[in-house]
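Peer 1: Take a look at the following structure, please.
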Amino acid sequence: MAFFKKFIDKICDDDSSKTAYFGTVKPDPNFNAQNDAEKLKKAIETKGVDEATIVEVLAKRSNAQRQLIKEAYQQSTGKPLADALKKALKSDFEKVVLALLMTPPEYDAFEMKRAMKGLGTDENVLSEILGTRSNKEITAMKNTFKEVYGELLDEQIKGEVSGDLETTLLALCKATRSEDCNIDDGLAKSDAKALFEAGENRVGTVCSVLIDVLTSRSEAQLCKIFQYYGNFSKKGLAKALESELHGKFEDCVMTLVKAAWNKPAYFTERLHLAMKGLGTNTDTLTRIIVSRSEPDLLKIIQEYKRMYGKSLHEDLLKETSGDYEKILLAVCGTQ
C-alpha cells in the first residue's frame with residue numbers, strides 16, 4: 001500500500017504533460033546519419049570494440065534518428081547494423097544496444113514474444129506492456145508482432161494464459177479502451193458502486209465487473225471511480241483488491257490501477273523492485289529505461305527520488321556495472 005499512500009493525491013497527469021517533453025533522450029540537433037553510421041562501423045571494427053563510441057552515438061540520438069543510422073549503415077556496408085552489433089557485443093550491454101535500435105512497436109512486440117517464449121510465461125511483462133500503452137501503441141505493436149513473427153498476438157496470449165488474466169489481457173489487446181479526457185461523474189459513481197457490490201460487499205469477487213471497468217474506462221475516468229469508491233468502503237479500492245485477489249491476475253489488476261493513478265510512479269516501483277534484494281532483474285531495467293526514454297523517463301527519475309529518497313542513478317551505480325551501467329546512465333541523462 002506504500003504506493004498509494006504516497007500518491008493518493010495524484011489523480012491524473014497535469015495538463016502540462018500534453019505539451020511538455022518528459023523524455024531524457026532528445027534528437028541530436030547536429031545529426032548526420034552517414035557520419036554516425038561511419039562512427040559505428042569504426043567502433044565495431046576496432047580491436048576489442050569501441051564500446052564508448054557505441055554508447056555515445058546510440059544513447060544520444062532519438063529513436064527516429066537511430067532508424068536513419070540503420071538505413072545509412074545498411075547502404076554503406078550492405079549489412080544490417082543490428083547483425084554487426086550482435087556479433088561484436090555480448091550480455092546485457094548487447095541487449096540494450098539492440099533494444100535502442102528497434103522502433104517502439106518492434107521493441108514492445110519483441111518483449112511480448114520473449115515473455116511467452118519457451119517454458120513458462122512472464123505474465124508481469126504482458127501486464128506491464130498491455131496495461132500501460134495507448135490504443136495506438138497497442139495497435140502498432142500487434143501489427144508489428146504479426147509482421148515479424150507471423151502470428152496474431154491475441155492468439156499467442158490465448159495459448160499462454162487462462163482464466164481472468166486471459167480475459168483481461170485480451171480485452172486490453174483489442175485496443176478499444178476509452179481515452180477520453182472528459183470525466184462522466186454519474187458513470188464514475190455507478191461504476192464505483194458496481195465495483196463495491198461485485199467485490200467487497202459479497203463473498204467472492206465477480207471478476208467480470210472488475211475486468212469490464214478497468215479495461216474499458218479511460219485512466220482519467222478510473223481515477224474518479226477510485227475516488228468515489230471511498231464513499232462505499234473504508235478500505236479503499238486498492239486495499240480491497242489486494243485482499244480479494246491473488247496471483248498474476250491480482251498483479252495485472254494492480255498494474256491497471258497504479259498506471260491510472262500515476263504511470264511514472266508505477267514504472268518507478270517496477271525499477272526499484274528490479275534492483276531490490278539479491279540479484280538484479282536486468283531485463284526489467286533494460287525494458288523500462290529504453291521504452292520510457294522518450295515518453296516519460298524524466299518523470300520516472302523524479303518520482304524515484306521522491307518515493308525512495310535516493311536517485312535512480314545511485315541505485316543503477318550500485319546494482320549494475322561496466323558498459324551496461326554506462327549505457328543505462330547515458331540513456332537516463334545527467335540529472
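Going through the C-alpha cells in order, the chains are called A, B, and so on, while each chain numbers its residues from 1 and the ligands are numbered from 1 in the order shown.
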With only C-alpha atoms as the counted atoms, please give the residues lying no more than 12 Å from Pro295 of chain A, apart from itself and same-chain residues fewer than 4 positions off, as a list in words.

Peer 2: Ser17, Lys18, Thr19, Ala20, Tyr21, Phe22, Gly23, Thr24, Val25, Lys26, Ser62, Asn63, Pro104, Thr132, Arg133, Ser134, Glu137, Lys263, Pro264, Phe267, Ile288, Ile289, Val290, Ser291, Lys299 and Ile300 of chain A

Peer 1: Given only C-alpha atoms, how would the per-residue table for segment 214-311 of chain A near segment 156-174 of chain A read, listing every residue at most 12 Å away with its closest atom pair and distance in Å to one decimal, sorted by chain and number, as a Markdown table?

Peer 2:
```
| residue | atom | partner | partner_atom | distance |
| --- | --- | --- | --- | --- |
| A:Leu214 | CA | A:Thr168 | CA | 8.6 |
| A:Thr215 | CA | A:Leu172 | CA | 5.9 |
| A:Ser216 | CA | A:Ala171 | CA | 8.2 |
| A:Arg217 | CA | A:Leu172 | CA | 11.0 |
| A:Ser218 | CA | A:Leu172 | CA | 11.8 |
| A:Leu245 | CA | A:Asp164 | CA | 10.7 |
| A:His246 | CA | A:Leu165 | CA | 10.9 |
| A:Gly247 | CA | A:Leu165 | CA | 9.6 |
| A:Lys248 | CA | A:Leu165 | CA | 7.1 |
| A:Phe249 | CA | A:Leu165 | CA | 4.9 |
| A:Glu250 | CA | A:Leu165 | CA | 8.5 |
| A:Asp251 | CA | A:Leu165 | CA | 9.4 |
| A:Cys252 | CA | A:Leu165 | CA | 7.2 |
| A:Val253 | CA | A:Thr168 | CA | 8.4 |
| A:Met254 | CA | A:Leu165 | CA | 12.0 |
| A:Thr255 | CA | A:Thr168 | CA | 11.5 |
| A:Leu256 | CA | A:Thr168 | CA | 10.1 |
```

Peer 1: What would the file look like if the residues just selected were written as a PDB file, in the first residue's frame with N, CA and C atoms?

Peer 2:
```
ATOM      1  N   LEU A 214     -12.115  -1.821 -15.603  1.00  0.00           N
ATOM      2  CA  LEU A 214     -10.695  -1.478 -15.702  1.00  0.00           C
ATOM      3  C   LEU A 214     -10.154  -1.496 -17.123  1.00  0.00           C
ATOM      4  N   THR A 215     -10.758  -2.286 -17.997  1.00  0.00           N
ATOM      5  CA  THR A 215     -10.229  -2.379 -19.371  1.00  0.00           C
ATOM      6  C   THR A 215     -10.995  -1.534 -20.387  1.00  0.00           C
ATOM      7  N   SER A 216     -12.063  -0.865 -19.952  1.00  0.00           N
ATOM      8  CA  SER A 216     -12.846  -0.054 -20.900  1.00  0.00           C
ATOM      9  C   SER A 216     -12.837   1.434 -20.576  1.00  0.00           C
ATOM     10  N   ARG A 217     -12.710   1.784 -19.290  1.00  0.00           N
ATOM     11  CA  ARG A 217     -12.737   3.199 -18.901  1.00  0.00           C
ATOM     12  C   ARG A 217     -11.365   3.849 -19.102  1.00  0.00           C
ATOM     13  N   SER A 218     -11.376   5.140 -19.381  1.00  0.00           N
ATOM     14  CA  SER A 218     -10.123   5.869 -19.541  1.00  0.00           C
ATOM     15  C   SER A 218      -9.415   5.983 -18.195  1.00  0.00           C
ATOM     16  N   LEU A 245      -8.070 -10.501  -4.308  1.00  0.00           N
ATOM     17  CA  LEU A 245      -7.476 -11.174  -5.466  1.00  0.00           C
ATOM     18  C   LEU A 245      -6.146 -11.813  -5.103  1.00  0.00           C
ATOM     19  N   HIS A 246      -5.611 -12.600  -6.032  1.00  0.00           N
ATOM     20  CA  HIS A 246      -4.312 -13.217  -5.770  1.00  0.00           C
ATOM     21  C   HIS A 246      -3.624 -13.570  -7.094  1.00  0.00           C
ATOM     22  N   GLY A 247      -2.354 -13.863  -6.975  1.00  0.00           N
ATOM     23  CA  GLY A 247      -1.591 -14.353  -8.124  1.00  0.00           C
ATOM     24  C   GLY A 247      -1.399 -13.333  -9.231  1.00  0.00           C
ATOM     25  N   LYS A 248      -1.203 -13.838 -10.443  1.00  0.00           N
ATOM     26  CA  LYS A 248      -0.894 -12.990 -11.594  1.00  0.00           C
ATOM     27  C   LYS A 248      -2.066 -12.111 -12.023  1.00  0.00           C
ATOM     28  N   PHE A 249      -3.288 -12.564 -11.735  1.00  0.00           N
ATOM     29  CA  PHE A 249      -4.449 -11.726 -12.045  1.00  0.00           C
ATOM     30  C   PHE A 249      -4.442 -10.490 -11.159  1.00  0.00           C
ATOM     31  N   GLU A 250      -4.132 -10.663  -9.881  1.00  0.00           N
ATOM     32  CA  GLU A 250      -4.017  -9.518  -8.978  1.00  0.00           C
ATOM     33  C   GLU A 250      -2.941  -8.553  -9.480  1.00  0.00           C
ATOM     34  N   ASP A 251      -1.792  -9.098  -9.888  1.00  0.00           N
ATOM     35  CA  ASP A 251      -0.703  -8.259 -10.396  1.00  0.00           C
ATOM     36  C   ASP A 251      -1.156  -7.437 -11.598  1.00  0.00           C
ATOM     37  N   CYS A 252      -1.910  -8.062 -12.485  1.00  0.00           N
ATOM     38  CA  CYS A 252      -2.407  -7.384 -13.688  1.00  0.00           C
ATOM     39  C   CYS A 252      -3.379  -6.271 -13.318  1.00  0.00           C
ATOM     40  N   VAL A 253      -4.312  -6.575 -12.418  1.00  0.00           N
ATOM     41  CA  VAL A 253      -5.300  -5.590 -11.972  1.00  0.00           C
ATOM     42  C   VAL A 253      -4.602  -4.407 -11.300  1.00  0.00           C
ATOM     43  N   MET A 254      -3.616  -4.709 -10.447  1.00  0.00           N
ATOM     44  CA  MET A 254      -2.905  -3.634  -9.747  1.00  0.00           C
ATOM     45  C   MET A 254      -2.081  -2.793 -10.713  1.00  0.00           C
ATOM     46  N   THR A 255      -1.618  -3.397 -11.800  1.00  0.00           N
ATOM     47  CA  THR A 255      -0.920  -2.626 -12.841  1.00  0.00           C
ATOM     48  C   THR A 255      -1.858  -1.576 -13.415  1.00  0.00           C
ATOM     49  N   LEU A 256      -3.090  -1.983 -13.726  1.00  0.00           N
ATOM     50  CA  LEU A 256      -4.073  -1.060 -14.301  1.00  0.00           C
ATOM     51  C   LEU A 256      -4.442   0.051 -13.320  1.00  0.00           C
TER      52      LEU A 256
END
```

Peer 1: Tell me which protein, DNA and RNA residues are within 8 Å of Cys207 of chain A, counting only C-alpha atoms, leaving out same-chain ones fewer than 3 positions away, and put them as a list in words.

Peer 2: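 Contacts, with the query itself left out: Asp164, Ala198, Gly199, Leu210 and Ile211 of chain A.
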
Peer 1: Selected residues, N, CA, C and O atoms, written as a PDB file, in the first residue's frame, please.

Peer 2:
```
ATOM      1  N   ASP A 164      -9.212 -15.427 -15.646  1.00  0.00           N
ATOM      2  CA  ASP A 164      -9.465 -13.987 -15.592  1.00  0.00           C
ATOM      3  C   ASP A 164      -8.305 -13.178 -16.154  1.00  0.00           C
ATOM      4  O   ASP A 164      -8.515 -12.104 -16.721  1.00  0.00           O
ATOM      5  N   ALA A 198     -19.661  -5.887  -6.409  1.00  0.00           N
ATOM      6  CA  ALA A 198     -19.105  -7.099  -7.031  1.00  0.00           C
ATOM      7  C   ALA A 198     -17.950  -7.690  -6.235  1.00  0.00           C
ATOM      8  O   ALA A 198     -17.571  -8.842  -6.454  1.00  0.00           O
ATOM      9  N   GLY A 199     -17.400  -6.923  -5.310  1.00  0.00           N
ATOM     10  CA  GLY A 199     -16.229  -7.404  -4.579  1.00  0.00           C
ATOM     11  C   GLY A 199     -16.383  -7.406  -3.082  1.00  0.00           C
ATOM     12  O   GLY A 199     -16.801  -8.380  -2.467  1.00  0.00           O
ATOM     13  N   LEU A 210     -15.189  -6.170 -12.572  1.00  0.00           N
ATOM     14  CA  LEU A 210     -13.902  -5.518 -12.374  1.00  0.00           C
ATOM     15  C   LEU A 210     -13.139  -5.390 -13.696  1.00  0.00           C
ATOM     16  O   LEU A 210     -12.626  -4.317 -14.041  1.00  0.00           O
ATOM     17  N   ILE A 211     -13.088  -6.484 -14.438  1.00  0.00           N
ATOM     18  CA  ILE A 211     -12.368  -6.503 -15.718  1.00  0.00           C
ATOM     19  C   ILE A 211     -12.996  -5.516 -16.703  1.00  0.00           C
ATOM     20  O   ILE A 211     -12.290  -4.756 -17.374  1.00  0.00           O
TER      21      ILE A 211
END
```

Peer 1: If you count only C-alpha atoms, which residues fall within 12 Å of Gly186 of chain A, apart from same-chain ones fewer than 4 positions away, as a PyMOL selection string?

Peer 2: chain A and resi 190-193+221+224-225+228

Peer 1: Neighbours of Asp323 of chain A within 8 Å (only C-alpha atoms; same-chain residues fewer than 3 positions away dropped), as a list in words?

Peer 2: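 Selected residues are Glu51, Ala52, Phe93, Lys326 and Ile327 of chain A.
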
Peer 1: Compare A:Ala220, A:Ala115, A:Ala259, A:Leu101 by their minimum atom-to-atom distance to Asp180 of chain A, counting only C-alpha atoms, and give me the closest one.

Peer 2: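 Of the candidates, the smallest distance to Asp180 of chain A is held by A:Ala220.
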
Peer 1: Extract the full set of helix (DSSP H, G or I) residues from segment 189-229 of chain A according to DSSP on the backbone, and format it as a PyMOL selection string.

Peer 2: chain A and resi 189-198+207-216+219-229

Peer 1: Ranking A:Ser127, A:Thr46, A:Gln65, A:Ser293 by minimum distance to Ala33 of chain A and counting only C-alpha atoms, which one comes first?

Peer 2: A:Gln65

Peer 1: Kindly indicate which residue among A:Arg287, A:Lys235, A:Gly230, A:Ala88 lies nearest to Leu328 of chain A, using only C-alpha atoms for the distances.

Peer 2: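 Under the stated criterion, the closest residue is A:Arg287.
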
Peer 1: Need to verify the contact set: Glu319 of chain A, 12 Å, only C-alpha atoms, exclusion of same-chain residues closer than 5 positions in sequence. Can you return it as a list in words?

Peer 2: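 Counting only C-alpha atoms, the residues come to Leu271, His272, Leu273, Ala274, Met275, Lys276, Gly277, Leu278, Gly279, Thr280, Asn281, Thr282, Leu285, Leu312, His313, Glu314, Tyr324, Glu325, Leu328 and Leu329 of chain A.
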
Peer 1: May I ask for the distance between atom CA of Cys332 of chain A and atom CA of Glu128 of chain A, given in Å to one decimal place?

Peer 2: 20.2 Å

Peer 1: Which of these, A:Lys117, A:Val57, A:Asp83, A:Cys181, has the shortest distance to Phe31 of chain A once you count only C-alpha atoms?

Peer 2: A:Val57

Peer 1: With only C-alpha atoms as the atoms that count, which of A:Thr334, A:Thr139, A:Gln34, A:Thr284 lies nearest to Gln67 of chain A?

Peer 2: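 Going through A:Thr334, A:Thr139, A:Gln34, A:Thr284 one by one, the smallest distance to Gln67 of chain A is for A:Gln34.
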
Peer 1: Just the number, please: distance in Å from atom CA of Met141 of chain A to atom CA of Ile69 of chain A, one decimal.

Peer 2: 22.1 Å

Peer 1: Env of Ala265 of chain A: 9 Å cut, atoms = only C-alpha atoms, seq-sep filter 5 positions within chain, self excluded. Answer as an NGL selection string.

Peer 2: :A and (3 or 7 or 258-259 or 270 or 299-300 or 303-304 or 307)

Peer 1: Just write the chosen residues, N, CA, C and O atoms, as a compact mmCIF listing (two decimals), in the first residue's frame.

Peer 2:
```txt
# COMPACT_ATOMS: atom_id res chain seq x y z
N PHE A 3 2.66 2.52 -2.18
CA PHE A 3 2.48 3.21 -3.47
C PHE A 3 1.34 4.21 -3.38
O PHE A 3 1.47 5.36 -3.77
N PHE A 7 0.86 8.48 -3.29
CA PHE A 7 0.31 9.10 -4.49
C PHE A 7 -1.20 9.23 -4.49
O PHE A 7 -1.81 9.41 -5.52
N LYS A 258 -2.59 1.14 -10.66
CA LYS A 258 -1.44 2.01 -10.41
C LYS A 258 -1.11 2.89 -11.61
O LYS A 258 -0.77 4.07 -11.46
N ALA A 259 -1.21 2.33 -12.81
CA ALA A 259 -0.90 3.10 -14.02
C ALA A 259 -1.91 4.23 -14.22
O ALA A 259 -1.57 5.28 -14.75
N ARG A 270 8.44 -0.50 -10.35
CA ARG A 270 8.96 -1.67 -11.08
C ARG A 270 10.49 -1.65 -11.12
O ARG A 270 11.14 -2.68 -10.95
N LYS A 299 10.22 12.01 -15.78
CA LYS A 299 9.25 11.94 -14.68
C LYS A 299 9.54 10.76 -13.76
O LYS A 299 9.41 10.85 -12.54
N ILE A 300 9.92 9.65 -14.36
CA ILE A 300 10.23 8.44 -13.58
C ILE A 300 11.42 8.70 -12.66
O ILE A 300 11.41 8.32 -11.49
N GLU A 303 10.20 10.81 -9.82
CA GLU A 303 9.39 10.01 -8.89
C GLU A 303 10.28 9.10 -8.04
O GLU A 303 9.99 8.87 -6.87
N TYR A 304 11.33 8.57 -8.63
CA TYR A 304 12.22 7.66 -7.91
C TYR A 304 12.81 8.37 -6.68
O TYR A 304 12.83 7.81 -5.58
N MET A 307 9.96 8.93 -4.13
CA MET A 307 9.43 7.73 -3.48
C MET A 307 10.45 7.04 -2.58
O MET A 307 10.10 6.49 -1.54
```

Peer 1: One number please: atom CA of Ile301 of chain A to atom CA of Thr268 of chain A, in Å, one decimal.

Peer 2: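 We find that atom CA of Ile301 of chain A and atom CA of Thr268 of chain A lie 7.5 Å from each other.
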